[in-house]
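Peer 1: What follows is a structure written as structure tokens; I'll ask about it next.
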Amino acid sequence: MTSPAKSPNLERDLAQLLGRDRVLCTRDALLAWECDGFTVHKSRPRAVVLPESTAEVQAVIKLLHSANVPFVPRGAGTCLSGGPTASGNAVIIDCARMRKVIKISTEDLFAVVQPGVVNLNLTTEVTPYGLHYAPDPSSQSVCTIGGNLAENSGGPHCFKYGMTTDHVLAATIVLPDGEVVHLGSTTGPRTPHGIDVLGLFCGSEGTFGIATEITVRLCRNQQEVRTMLASFDSMSAACRSVGKIISAGLVPAALEILDQATIRAVEASIYRAGYPENAAAVLLVELDGPHEVVVEDAAEIATIFVAHDALKVEEATDPKERKRLWKGRKGAFGAMGRIDTDLYVLDGVVPRTKLEEALEKITEIGQRHRVNLTNVFHAGDGNLHPNISFDGRDKEATARTIAAGHEILQLCMDLGGSITGEHGIGTEKLDHVSMMFEPEDLEVMARVRAVFNPDDLCNPGKVLPQRNACAEVSKWPQMVAKVLDVEDTPQEPESTS
Amino acid sequence: MNRFDDIATWLRSSPGRVRVSGSGSRAHTLPKITDATPLHLSQYNRIERLDAGDQTCTVECGVPRAELDAALAEHELELPCLGGGTIGGLFATDPFGPAAAGCPGPRNLLLGMEALLASGSAFKSGARVVKSVAGFDVHKLFVGSTGRLFVATKLHLRLKPRPRTEQWFANRALERDQALQLIHALRQEAQPPTVLQLRRERDGSFAVGGRVTGRSVHVTSICKQHELAACERPASFHVAAAANSSEEVLNGNALPSALPSLLSALPEGAPFTWLGGGRFEAAMPHSQATDAALQQLPQANVTGTVLIGTDARRGVGTPMDPGEQRLAEGLKHALDPDGTLV
Ligand SMILES: Cc1cc2nc3c(=O)[nH]c(=O)nc-3n(C[C@H](O)[C@H](O)[C@H](O)COP(=O)(O)OP(=O)(O)OC[C@H]3O[C@@H](n4cnc5c(N)ncnc54)[C@H](O)[C@@H]3O)c2cc1C
């Protein structure tokens, strides 16, 4: 990688392309781009640029490519795995100013947007037409469609409607050498004779190029939406209810669980939703569809709740009440800010039949590592989010947090799952990739990445572990190993540097 | 071959050019290659895992679709996409895409895979669970690849519960505008048919068919409201091309709003089918008619390519983005540098 000294005029050249106000270089200005939602990994970029069009992104990338300077695409920075953090003195290409909705087709049900369009804003924009954009990460009021595409994001409603990859039809991409390519079309992501290059791009975590225009499918709003909240006196009962709903062949729009610690954090916060604080878990179920179908589904689910000894069941059809029931779930991560200064949001997946077992073992892991652990998760997909609240200034606590996370992800793998359901690998999980993939698998992925990004200038040091991984990242295995070693031998854990 | 190790060993023995085949049901859509050794996977046909509670399964690529359907039916599950042959062949050719807008096609149902590079080296991608974003989705490249990138051996699939009620329907002998109106009306439904097909028969008449699924109250109400005529599940969703003629089959993707222009671009009376997910097929009387249609399709925002025709004609179509094409070729080269898989 090129050092700043090797391209001393870069900042000036970038300013010539975009104007001074859209190139940030001062130490203070760069502070906000030091990390994403994974605050444990911080690294200041060399500069941040704010292009507004495909042509500007292309011009910037051509310049960086010719100077051999690495760069990192960025949306809203809500990623929880370090994806948009600039390793190795890279320049951040921030898409925040690319927020135009270019086209809406109410007949063919698609929208063409710039990557910086905020997820929820797209739905707001198409609401007058009775439409919405289905993938709804819990961060949807902030995160961007570009970030969603790069992460293949999910959300509560992905249980029924699928992930981002199921909703992206086409994308204009600027490749790391500055070439502009168009993948897919409004008629579909893949022509009958082509391969699914767009499907591969989706979820590539900003390492294949920058998407500058994205065509997404829109969904019609359903005739009726009903939200149910059931509380249980054990997490097992909540998980078993989920299993029963799924095995009965019901397909609610969302199935979300919050554990007691999360309920209490929520109820003590501004996201207070009136959840019963004595419950060990609450299960939020959302049903949508034609009125008569929703009525029958709700009755059947209510019977399942009774059979699993639900303490209380609430049901809401009017938007205000539904919003209240969702408020606690949507604000859950925010509410955890009350527990400690930092939050490590884990993201693992287990088969839905293993939810109960997984949660029991996660509690045990949390206790063993003496971490403050809460659970809020997409139960319908088996996608767990154990959250560890900790004080990031305390190195020993940080190390225990990381070690507990490591074990939880290993547990997900042991149960036949995945190390990430929606947050991606980024830098956070570079050490965990080998739990899931063999060197041969990673070698094939590296070959595929090299087709798009042969010089590794685009978002280097992410997704695939590298031998020359940057210093910040290679600290992780040492930290984890140290904590695990110490805990194997009955001593007090040491602090790590 | 019915053992993974045998397949890997055989590939490692540098067998020259290789054509992977399942049951051969789509062989007529692929170029004929005389010097390629076939790698038959139809004997590699175990359902390795069926987790009914998780609604996922792992199958060897040679498992016949019909056999998987029967196994799934025992658990009130289904693989909700159209197409037959072996499961590997179905995913490698993806003949229909999604059967209706918003419904899953093979690309949405493939969770992960185990595969062999042409060199015989094994690798995997994706996961067995319904949600995973770990690593790059190399398995997505299998869909529609016709086995030219790597040899997929096992697929991890997402399943869906069998609907409580289903009704196949076909409203036949419609005028063009009647048929288009019915398609439009059904697409407006809050819970539209999960298979939706427009057909133009050889006699020039139109038909709208499909499958309505869900609770019986919903199925009954939709069928009644739109006066849908009940029928059995159709034997085929392909266009009825005449055998042994100079006909070519053109296929591609078209949005619903493009249907009138697409129909106008095709010769009067050419048999035609369109599925709600966007895929169409048209039986063209001769190559000149195909070329004339291909000229007009881009203006209508329709993509099209010759699917069945002479070897020289197969693959002729509307232009693809050169960048996407270059990436596709780059991926082929990266995964199969010697061009073994044809
Ligand atoms: C409170 C909270 C709740 C969350 N809930 C969910 C959830 O329910 N489901 C879920 O999936 N995720 C969730 N996330 C994670 C995060 O919001 C998603 O990953 C989101 O898609 C990131 O979007 P962003 O705009 O913030 O992208 P960023 O964080 O800025 O970037 C994410 C990645 O995308 C790349 N990227 C960004 N823009 C582009 C582009 N135009 N072209 C190419 N690459 C690009 C970046 O390089 C980076 O690797 C949550 C995060 C938070 C903080």
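Every chain in the structure tokens takes a letter, A first, then B, and so on in the order presented; its residues are numbered from 1, and the ligands are numbered from 1 following the presented order.
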Write out as JSON lines a residue-level contact list of chain B versus chain A with cut-off 7 Å: for each qualifying residue the closest pair of atoms and the distance in Å to one decimal, counting only C-alpha atoms, rows sorted by chain and residue number upward.
Peer 2:
```
{"residue": "B:Gly53", "atom": "CA", "partner": "A:Thr353", "partner_atom": "CA", "distance": 5.8}
{"residue": "B:Asp54", "atom": "CA", "partner": "A:Arg352", "partner_atom": "CA", "distance": 5.2}
{"residue": "B:Asn108", "atom": "CA", "partner": "A:Asp166", "partner_atom": "CA", "distance": 6.3}
{"residue": "B:Phe123", "atom": "CA", "partner": "A:Asp441", "partner_atom": "CA", "distance": 4.7}
{"residue": "B:Lys124", "atom": "CA", "partner": "A:Asp441", "partner_atom": "CA", "distance": 5.5}
{"residue": "B:Ser125", "atom": "CA", "partner": "A:Asp441", "partner_atom": "CA", "distance": 6.9}
{"residue": "B:Ala127", "atom": "CA", "partner": "A:Ser418", "partner_atom": "CA", "distance": 6.5}
{"residue": "B:Arg128", "atom": "CA", "partner": "A:Gly417", "partner_atom": "CA", "distance": 6.8}
{"residue": "B:Val129", "atom": "CA", "partner": "A:Pro351", "partner_atom": "CA", "distance": 5.7}
{"residue": "B:Val130", "atom": "CA", "partner": "A:Asp381", "partner_atom": "CA", "distance": 6.3}
{"residue": "B:Lys131", "atom": "CA", "partner": "A:Gly421", "partner_atom": "CA", "distance": 5.2}
{"residue": "B:Ser132", "atom": "CA", "partner": "A:Gly421", "partner_atom": "CA", "distance": 4.1}
{"residue": "B:Val133", "atom": "CA", "partner": "A:Gly421", "partner_atom": "CA", "distance": 5.4}
{"residue": "B:Ala134", "atom": "CA", "partner": "A:Thr420", "partner_atom": "CA", "distance": 5.6}
{"residue": "B:Gly135", "atom": "CA", "partner": "A:Val463", "partner_atom": "CA", "distance": 6.4}
{"residue": "B:Phe136", "atom": "CA", "partner": "A:Ser204", "partner_atom": "CA", "distance": 5.8}
{"residue": "B:Asp137", "atom": "CA", "partner": "A:Leu200", "partner_atom": "CA", "distance": 5.3}
{"residue": "B:Val138", "atom": "CA", "partner": "A:Leu200", "partner_atom": "CA", "distance": 6.3}
{"residue": "B:Lys140", "atom": "CA", "partner": "A:Gly199", "partner_atom": "CA", "distance": 5.9}
{"residue": "B:Leu141", "atom": "CA", "partner": "A:Asp196", "partner_atom": "CA", "distance": 5.4}
{"residue": "B:Val143", "atom": "CA", "partner": "A:Ile195", "partner_atom": "CA", "distance": 6.8}
{"residue": "B:Gly144", "atom": "CA", "partner": "A:Ile195", "partner_atom": "CA", "distance": 5.6}
{"residue": "B:Ser145", "atom": "CA", "partner": "A:Ile195", "partner_atom": "CA", "distance": 5.6}
{"residue": "B:Pro161", "atom": "CA", "partner": "A:Gly249", "partner_atom": "CA", "distance": 4.9}
{"residue": "B:Ala190", "atom": "CA", "partner": "A:Gln222", "partner_atom": "CA", "distance": 5.5}
{"residue": "B:Gln191", "atom": "CA", "partner": "A:Gly289", "partner_atom": "CA", "distance": 6.5}
{"residue": "B:Arg215", "atom": "CA", "partner": "A:Val293", "partner_atom": "CA", "distance": 6.4}
{"residue": "B:Val217", "atom": "CA", "partner": "A:Glu292", "partner_atom": "CA", "distance": 6.9}
{"residue": "B:His218", "atom": "CA", "partner": "A:Val293", "partner_atom": "CA", "distance": 6.5}
{"residue": "B:Gly252", "atom": "CA", "partner": "A:Pro192", "partner_atom": "CA", "distance": 6.0}
{"residue": "B:Asn253", "atom": "CA", "partner": "A:Thr187", "partner_atom": "CA", "distance": 5.6}
{"residue": "B:Ala254", "atom": "CA", "partner": "A:Thr187", "partner_atom": "CA", "distance": 5.6}
{"residue": "B:Leu255", "atom": "CA", "partner": "A:Thr187", "partner_atom": "CA", "distance": 5.5}
{"residue": "B:Pro256", "atom": "CA", "partner": "A:Asp108", "partner_atom": "CA", "distance": 6.2}
{"residue": "B:Ser257", "atom": "CA", "partner": "A:Asp108", "partner_atom": "CA", "distance": 6.4}
{"residue": "B:Gly278", "atom": "CA", "partner": "A:Thr187", "partner_atom": "CA", "distance": 6.5}
{"residue": "B:Asp321", "atom": "CA", "partner": "A:His182", "partner_atom": "CA", "distance": 6.2}
{"residue": "B:Gly323", "atom": "CA", "partner": "A:Val181", "partner_atom": "CA", "distance": 4.8}
{"residue": "B:Glu324", "atom": "CA", "partner": "A:Leu183", "partner_atom": "CA", "distance": 5.8}
{"residue": "B:Leu327", "atom": "CA", "partner": "A:Val451", "partner_atom": "CA", "distance": 6.8}
{"residue": "B:Ala328", "atom": "CA", "partner": "A:Ile195", "partner_atom": "CA", "distance": 6.9}
{"residue": "B:Gly330", "atom": "CA", "partner": "A:Val451", "partner_atom": "CA", "distance": 5.8}
{"residue": "B:Leu331", "atom": "CA", "partner": "A:Val448", "partner_atom": "CA", "distance": 6.3}
{"residue": "B:Ala334", "atom": "CA", "partner": "A:Arg447", "partner_atom": "CA", "distance": 5.9}
```
Peer 1: Find the residues around Leu68 in chain B up to 9 Å (only C-alpha atoms counted), leave out those fewer than 3 positions away in its own chain, and share them as a ChimeraX atom specification.
Peer 2: /B:47,59,63-65,71-73,78-79,87
Peer 1: Next, the residues of the selection above should be written as a PDB file, in the first residue's frame with N, CA, C and O atoms.
Peer 2:
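Saved result, result.pdb, follows:
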```pdb
ATOM      1  N   ILE B  47     -30.479 -37.951  -0.469  1.00  0.00           N
ATOM      2  CA  ILE B  47     -30.933 -36.801   0.314  1.00  0.00           C
ATOM      3  C   ILE B  47     -30.175 -36.936   1.630  1.00  0.00           C
ATOM      4  O   ILE B  47     -30.453 -37.826   2.430  1.00  0.00           O
ATOM      5  N   VAL B  59     -28.925 -31.966  -0.247  1.00  0.00           N
ATOM      6  CA  VAL B  59     -29.111 -33.065  -1.202  1.00  0.00           C
ATOM      7  C   VAL B  59     -27.916 -33.165  -2.132  1.00  0.00           C
ATOM      8  O   VAL B  59     -27.306 -32.152  -2.476  1.00  0.00           O
ATOM      9  N   VAL B  63     -30.074 -36.017  -7.055  1.00  0.00           N
ATOM     10  CA  VAL B  63     -31.404 -36.392  -6.545  1.00  0.00           C
ATOM     11  C   VAL B  63     -32.472 -35.893  -7.522  1.00  0.00           C
ATOM     12  O   VAL B  63     -32.479 -34.715  -7.883  1.00  0.00           O
ATOM     13  N   PRO B  64     -33.359 -36.786  -7.969  1.00  0.00           N
ATOM     14  CA  PRO B  64     -34.420 -36.307  -8.872  1.00  0.00           C
ATOM     15  C   PRO B  64     -35.384 -35.396  -8.119  1.00  0.00           C
ATOM     16  O   PRO B  64     -35.684 -35.637  -6.948  1.00  0.00           O
ATOM     17  N   ARG B  65     -35.821 -34.386  -8.796  1.00  0.00           N
ATOM     18  CA  ARG B  65     -36.759 -33.443  -8.193  1.00  0.00           C
ATOM     19  C   ARG B  65     -37.978 -34.184  -7.626  1.00  0.00           C
ATOM     20  O   ARG B  65     -38.446 -33.889  -6.529  1.00  0.00           O
ATOM     21  N   ALA B  71     -40.277 -36.804  -0.690  1.00  0.00           N
ATOM     22  CA  ALA B  71     -39.744 -36.816   0.681  1.00  0.00           C
ATOM     23  C   ALA B  71     -40.232 -35.600   1.459  1.00  0.00           C
ATOM     24  O   ALA B  71     -40.547 -35.696   2.651  1.00  0.00           O
ATOM     25  N   LEU B  72     -40.276 -34.479   0.793  1.00  0.00           N
ATOM     26  CA  LEU B  72     -40.705 -33.252   1.475  1.00  0.00           C
ATOM     27  C   LEU B  72     -42.190 -33.313   1.828  1.00  0.00           C
ATOM     28  O   LEU B  72     -42.604 -32.848   2.898  1.00  0.00           O
ATOM     29  N   ALA B  73     -42.962 -33.896   0.933  1.00  0.00           N
ATOM     30  CA  ALA B  73     -44.414 -33.963   1.164  1.00  0.00           C
ATOM     31  C   ALA B  73     -44.725 -34.709   2.460  1.00  0.00           C
ATOM     32  O   ALA B  73     -45.678 -34.369   3.161  1.00  0.00           O
ATOM     33  N   GLU B  78     -42.237 -28.144   0.968  1.00  0.00           N
ATOM     34  CA  GLU B  78     -42.019 -28.160  -0.478  1.00  0.00           C
ATOM     35  C   GLU B  78     -40.846 -27.272  -0.856  1.00  0.00           C
ATOM     36  O   GLU B  78     -40.419 -26.416  -0.071  1.00  0.00           O
ATOM     37  N   LEU B  79     -40.330 -27.498  -2.051  1.00  0.00           N
ATOM     38  CA  LEU B  79     -39.320 -26.630  -2.634  1.00  0.00           C
ATOM     39  C   LEU B  79     -40.100 -25.726  -3.590  1.00  0.00           C
ATOM     40  O   LEU B  79     -40.515 -26.177  -4.668  1.00  0.00           O
ATOM     41  N   ILE B  87     -31.973 -32.226  -9.037  1.00  0.00           N
ATOM     42  CA  ILE B  87     -31.893 -30.947  -8.325  1.00  0.00           C
ATOM     43  C   ILE B  87     -30.687 -30.137  -8.828  1.00  0.00           C
ATOM     44  O   ILE B  87     -30.781 -28.931  -9.039  1.00  0.00           O
TER      45      ILE B  87
END
```
Peer 1: Which residues form the shell of 7 Å around ligand 1 when you count only C-alpha atoms and all ligand atoms, given as a PDB file with N, CA and C atoms, in the first residue's frame?
Peer 2:
```pdb
ATOM      1  N   ASP A  36     -17.028   2.132  12.876  1.00  0.00           N
ATOM      2  CA  ASP A  36     -18.473   1.999  12.634  1.00  0.00           C
ATOM      3  C   ASP A  36     -19.112   1.619  13.971  1.00  0.00           C
ATOM      4  N   GLY A  37     -20.184   0.802  13.951  1.00  0.00           N
ATOM      5  CA  GLY A  37     -20.832   0.394  15.194  1.00  0.00           C
ATOM      6  C   GLY A  37     -20.001  -0.607  15.994  1.00  0.00           C
ATOM      7  N   VAL A  72     -12.147   2.879   0.875  1.00  0.00           N
ATOM      8  CA  VAL A  72     -13.197   2.128   1.573  1.00  0.00           C
ATOM      9  C   VAL A  72     -14.547   2.783   1.309  1.00  0.00           C
ATOM     10  N   PRO A  73     -15.507   2.039   0.737  1.00  0.00           N
ATOM     11  CA  PRO A  73     -16.846   2.609   0.585  1.00  0.00           C
ATOM     12  C   PRO A  73     -17.519   2.720   1.946  1.00  0.00           C
ATOM     13  N   ARG A  74     -18.352   3.708   2.100  1.00  0.00           N
ATOM     14  CA  ARG A  74     -19.052   3.855   3.376  1.00  0.00           C
ATOM     15  C   ARG A  74     -20.447   4.427   3.155  1.00  0.00           C
ATOM     16  N   GLY A  75     -21.395   3.871   3.936  1.00  0.00           N
ATOM     17  CA  GLY A  75     -22.751   4.411   3.926  1.00  0.00           C
ATOM     18  C   GLY A  75     -22.934   5.226   5.194  1.00  0.00           C
ATOM     19  N   ALA A  76     -23.779   4.734   6.105  1.00  0.00           N
ATOM     20  CA  ALA A  76     -24.033   5.482   7.335  1.00  0.00           C
ATOM     21  C   ALA A  76     -23.106   5.058   8.467  1.00  0.00           C
ATOM     22  N   GLY A  77     -22.301   4.044   8.233  1.00  0.00           N
ATOM     23  CA  GLY A  77     -21.367   3.602   9.283  1.00  0.00           C
ATOM     24  C   GLY A  77     -22.039   2.857  10.424  1.00  0.00           C
ATOM     25  N   THR A  78     -23.202   2.248  10.169  1.00  0.00           N
ATOM     26  CA  THR A  78     -23.884   1.496  11.241  1.00  0.00           C
ATOM     27  C   THR A  78     -23.460   0.032  11.283  1.00  0.00           C
ATOM     28  N   CYS A  79     -22.596  -0.339  10.364  1.00  0.00           N
ATOM     29  CA  CYS A  79     -22.121  -1.725  10.307  1.00  0.00           C
ATOM     30  C   CYS A  79     -21.583  -2.116  11.684  1.00  0.00           C
ATOM     31  N   LEU A  80     -21.758  -3.379  12.037  1.00  0.00           N
ATOM     32  CA  LEU A  80     -21.337  -3.813  13.369  1.00  0.00           C
ATOM     33  C   LEU A  80     -20.129  -4.744  13.311  1.00  0.00           C
ATOM     34  N   GLY A  83     -16.697  -3.148   8.867  1.00  0.00           N
ATOM     35  CA  GLY A  83     -16.624  -3.123   7.394  1.00  0.00           C
ATOM     36  C   GLY A  83     -16.218  -1.796   6.795  1.00  0.00           C
ATOM     37  N   PRO A  84     -16.811  -0.677   7.235  1.00  0.00           N
ATOM     38  CA  PRO A  84     -16.447   0.599   6.601  1.00  0.00           C
ATOM     39  C   PRO A  84     -15.328   1.333   7.318  1.00  0.00           C
ATOM     40  N   CYS A  95     -20.813   7.698   0.837  1.00  0.00           N
ATOM     41  CA  CYS A  95     -21.920   7.867  -0.113  1.00  0.00           C
ATOM     42  C   CYS A  95     -23.070   8.700   0.459  1.00  0.00           C
ATOM     43  N   PRO A 115     -26.919   5.120  -3.632  1.00  0.00           N
ATOM     44  CA  PRO A 115     -26.608   4.232  -2.501  1.00  0.00           C
ATOM     45  C   PRO A 115     -26.783   4.867  -1.133  1.00  0.00           C
ATOM     46  N   GLY A 116     -26.732   6.216  -1.080  1.00  0.00           N
ATOM     47  CA  GLY A 116     -26.824   6.867   0.233  1.00  0.00           C
ATOM     48  C   GLY A 116     -28.249   7.061   0.718  1.00  0.00           C
ATOM     49  N   ASP A 136     -35.681  -4.672   6.372  1.00  0.00           N
ATOM     50  CA  ASP A 136     -35.795  -3.612   7.384  1.00  0.00           C
ATOM     51  C   ASP A 136     -34.846  -3.840   8.545  1.00  0.00           C
ATOM     52  N   PRO A 137     -33.540  -3.634   8.333  1.00  0.00           N
ATOM     53  CA  PRO A 137     -32.626  -3.765   9.465  1.00  0.00           C
ATOM     54  C   PRO A 137     -33.118  -2.886  10.611  1.00  0.00           C
ATOM     55  N   SER A 138     -32.839  -3.287  11.826  1.00  0.00           N
ATOM     56  CA  SER A 138     -33.300  -2.486  12.969  1.00  0.00           C
ATOM     57  C   SER A 138     -32.689  -1.086  12.930  1.00  0.00           C
ATOM     58  N   SER A 139     -31.632  -0.925  12.158  1.00  0.00           N
ATOM     59  CA  SER A 139     -30.990   0.387  12.005  1.00  0.00           C
ATOM     60  C   SER A 139     -31.594   1.166  10.838  1.00  0.00           C
ATOM     61  N   GLN A 140     -32.767   0.785  10.379  1.00  0.00           N
ATOM     62  CA  GLN A 140     -33.279   1.285   9.101  1.00  0.00           C
ATOM     63  C   GLN A 140     -33.506   2.794   9.056  1.00  0.00           C
ATOM     64  N   VAL A 142     -31.415   4.905   9.793  1.00  0.00           N
ATOM     65  CA  VAL A 142     -30.107   5.518   9.556  1.00  0.00           C
ATOM     66  C   VAL A 142     -29.356   4.851   8.402  1.00  0.00           C
ATOM     67  N   CYS A 143     -29.395   3.521   8.349  1.00  0.00           N
ATOM     68  CA  CYS A 143     -28.514   2.815   7.413  1.00  0.00           C
ATOM     69  C   CYS A 143     -28.971   3.029   5.970  1.00  0.00           C
ATOM     70  N   THR A 144     -28.031   2.826   5.046  1.00  0.00           N
ATOM     71  CA  THR A 144     -28.292   3.171   3.646  1.00  0.00           C
ATOM     72  C   THR A 144     -28.498   1.917   2.789  1.00  0.00           C
ATOM     73  N   ILE A 145     -29.117   2.138   1.643  1.00  0.00           N
ATOM     74  CA  ILE A 145     -29.346   1.008   0.729  1.00  0.00           C
ATOM     75  C   ILE A 145     -27.997   0.465   0.224  1.00  0.00           C
ATOM     76  N   GLY A 146     -27.022   1.342   0.026  1.00  0.00           N
ATOM     77  CA  GLY A 146     -25.686   0.890  -0.402  1.00  0.00           C
ATOM     78  C   GLY A 146     -25.066  -0.028   0.636  1.00  0.00           C
ATOM     79  N   GLY A 147     -25.160   0.368   1.898  1.00  0.00           N
ATOM     80  CA  GLY A 147     -24.633  -0.469   2.985  1.00  0.00           C
ATOM     81  C   GLY A 147     -25.399  -1.778   3.072  1.00  0.00           C
ATOM     82  N   ASN A 148     -26.710  -1.709   2.888  1.00  0.00           N
ATOM     83  CA  ASN A 148     -27.547  -2.928   2.929  1.00  0.00           C
ATOM     84  C   ASN A 148     -27.133  -3.904   1.839  1.00  0.00           C
ATOM     85  N   LEU A 149     -26.886  -3.364   0.634  1.00  0.00           N
ATOM     86  CA  LEU A 149     -26.483  -4.223  -0.488  1.00  0.00           C
ATOM     87  C   LEU A 149     -25.139  -4.878  -0.176  1.00  0.00           C
ATOM     88  N   ALA A 150     -24.208  -4.075   0.313  1.00  0.00           N
ATOM     89  CA  ALA A 150     -22.864  -4.593   0.576  1.00  0.00           C
ATOM     90  C   ALA A 150     -22.867  -5.640   1.688  1.00  0.00           C
ATOM     91  N   GLU A 151     -23.775  -5.478   2.660  1.00  0.00           N
ATOM     92  CA  GLU A 151     -23.806  -6.411   3.790  1.00  0.00           C
ATOM     93  C   GLU A 151     -24.833  -7.530   3.581  1.00  0.00           C
ATOM     94  N   ASN A 152     -25.647  -7.435   2.537  1.00  0.00           N
ATOM     95  CA  ASN A 152     -26.802  -8.335   2.369  1.00  0.00           C
ATOM     96  C   ASN A 152     -27.609  -8.352   3.667  1.00  0.00           C
ATOM     97  N   SER A 153     -28.040  -7.173   4.042  1.00  0.00           N
ATOM     98  CA  SER A 153     -28.669  -7.019   5.354  1.00  0.00           C
ATOM     99  C   SER A 153     -30.020  -7.697   5.443  1.00  0.00           C
ATOM    100  N   GLY A 154     -30.333  -8.051   6.668  1.00  0.00           N
ATOM    101  CA  GLY A 154     -31.637  -8.629   6.965  1.00  0.00           C
ATOM    102  C   GLY A 154     -32.388  -7.695   7.885  1.00  0.00           C
ATOM    103  N   GLY A 155     -33.282  -8.258   8.655  1.00  0.00           N
ATOM    104  CA  GLY A 155     -34.080  -7.461   9.583  1.00  0.00           C
ATOM    105  C   GLY A 155     -35.246  -8.297  10.050  1.00  0.00           C
ATOM    106  N   PRO A 156     -36.045  -7.776  10.969  1.00  0.00           N
ATOM    107  CA  PRO A 156     -37.140  -8.584  11.510  1.00  0.00           C
ATOM    108  C   PRO A 156     -38.060  -9.192  10.439  1.00  0.00           C
ATOM    109  N   GLU A 205     -19.406  -6.949   1.072  1.00  0.00           N
ATOM    110  CA  GLU A 205     -18.882  -6.081   2.135  1.00  0.00           C
ATOM    111  C   GLU A 205     -17.952  -4.987   1.621  1.00  0.00           C
ATOM    112  N   GLY A 206     -18.327  -4.420   0.474  1.00  0.00           N
ATOM    113  CA  GLY A 206     -17.562  -3.281  -0.032  1.00  0.00           C
ATOM    114  C   GLY A 206     -16.182  -3.635  -0.534  1.00  0.00           C
ATOM    115  N   THR A 207     -15.932  -4.907  -0.792  1.00  0.00           N
ATOM    116  CA  THR A 207     -14.590  -5.296  -1.269  1.00  0.00           C
ATOM    117  C   THR A 207     -14.544  -5.539  -2.772  1.00  0.00           C
ATOM    118  N   GLY A 209     -16.118  -3.295  -5.073  1.00  0.00           N
ATOM    119  CA  GLY A 209     -16.348  -2.054  -5.807  1.00  0.00           C
ATOM    120  C   GLY A 209     -17.427  -1.267  -5.096  1.00  0.00           C
ATOM    121  N   ILE A 210     -17.763  -0.104  -5.675  1.00  0.00           N
ATOM    122  CA  ILE A 210     -18.753   0.767  -5.025  1.00  0.00           C
ATOM    123  C   ILE A 210     -20.024   0.808  -5.862  1.00  0.00           C
ATOM    124  N   ALA A 211     -21.140   0.492  -5.231  1.00  0.00           N
ATOM    125  CA  ALA A 211     -22.426   0.570  -5.932  1.00  0.00           C
ATOM    126  C   ALA A 211     -22.870   2.028  -5.925  1.00  0.00           C
ATOM    127  N   THR A 212     -23.187   2.555  -7.091  1.00  0.00           N
ATOM    128  CA  THR A 212     -23.559   3.978  -7.165  1.00  0.00           C
ATOM    129  C   THR A 212     -25.013   4.180  -7.570  1.00  0.00           C
ATOM    130  N   PHE A 333     -31.307  -1.953  21.148  1.00  0.00           N
ATOM    131  CA  PHE A 333     -29.857  -1.714  21.152  1.00  0.00           C
ATOM    132  C   PHE A 333     -29.536  -0.364  21.795  1.00  0.00           C
ATOM    133  N   GLY A 334     -30.386   0.612  21.517  1.00  0.00           N
ATOM    134  CA  GLY A 334     -30.190   1.932  22.110  1.00  0.00           C
ATOM    135  C   GLY A 334     -30.316   1.849  23.630  1.00  0.00           C
ATOM    136  N   GLU A 422     -26.174 -11.571   9.530  1.00  0.00           N
ATOM    137  CA  GLU A 422     -26.460 -10.331   8.814  1.00  0.00           C
ATOM    138  C   GLU A 422     -25.426  -9.228   9.002  1.00  0.00           C
ATOM    139  N   HIS A 423     -24.528  -9.344   9.958  1.00  0.00           N
ATOM    140  CA  HIS A 423     -23.610  -8.238  10.201  1.00  0.00           C
ATOM    141  C   HIS A 423     -22.311  -8.349   9.421  1.00  0.00           C
ATOM    142  N   GLY A 426     -16.364  -8.376   8.064  1.00  0.00           N
ATOM    143  CA  GLY A 426     -15.611  -7.137   8.285  1.00  0.00           C
ATOM    144  C   GLY A 426     -14.221  -7.438   8.798  1.00  0.00           C
ATOM    145  N   ASN A 459     -11.321  -1.628  -0.015  1.00  0.00           N
ATOM    146  CA  ASN A 459     -11.604  -2.141   1.319  1.00  0.00           C
ATOM    147  C   ASN A 459     -10.681  -3.300   1.733  1.00  0.00           C
TER     148      ASN A 459
END
```
Peer 1: Would you pick out the contacts of Leu263 in chain B at 10 Å or less, using only C-alpha atoms, so that residues sharing its chain but fewer than 3 positions from it are not included, and give the list as a VMD selection string?
Peer 2: chain B and resid 176 200 258 to 260 266 to 270 272 282 293
Peer 1: For Leu30 in chain A, which of A:Leu17, A:Val313, A:Val91, A:Leu430 is the closest residue, counting only C-alpha atoms?
Peer 2: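 Residue with the minimum atom-to-atom distance to Leu30 in chain A: A:Val91.
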Peer 1: Where does DSSP see helix (DSSP H, G or I) in range 167-241 of chain B, if you list the residues as number ranges by chain?
Peer 2: B: 176-188, 216-225
Peer 1: Under the rule of at most 10 Å, produce a per-residue listing of range 25-120 of chain B near range 295-314 of chain B: chain, number, name, the closest pair of atoms, and the distance in Å, as a Markdown table, using only C-alpha atoms.
Peer 2:
```
| residue | atom | partner | partner_atom | distance |
| --- | --- | --- | --- | --- |
| B:His28 | CA | B:Ile308 | CA | 7.0 |
| B:Thr29 | CA | B:Ile308 | CA | 5.4 |
| B:Leu30 | CA | B:Arg314 | CA | 8.0 |
| B:Pro31 | CA | B:Asp311 | CA | 5.5 |
| B:Lys32 | CA | B:Asp311 | CA | 7.0 |
| B:Ile33 | CA | B:Asp311 | CA | 9.5 |
```
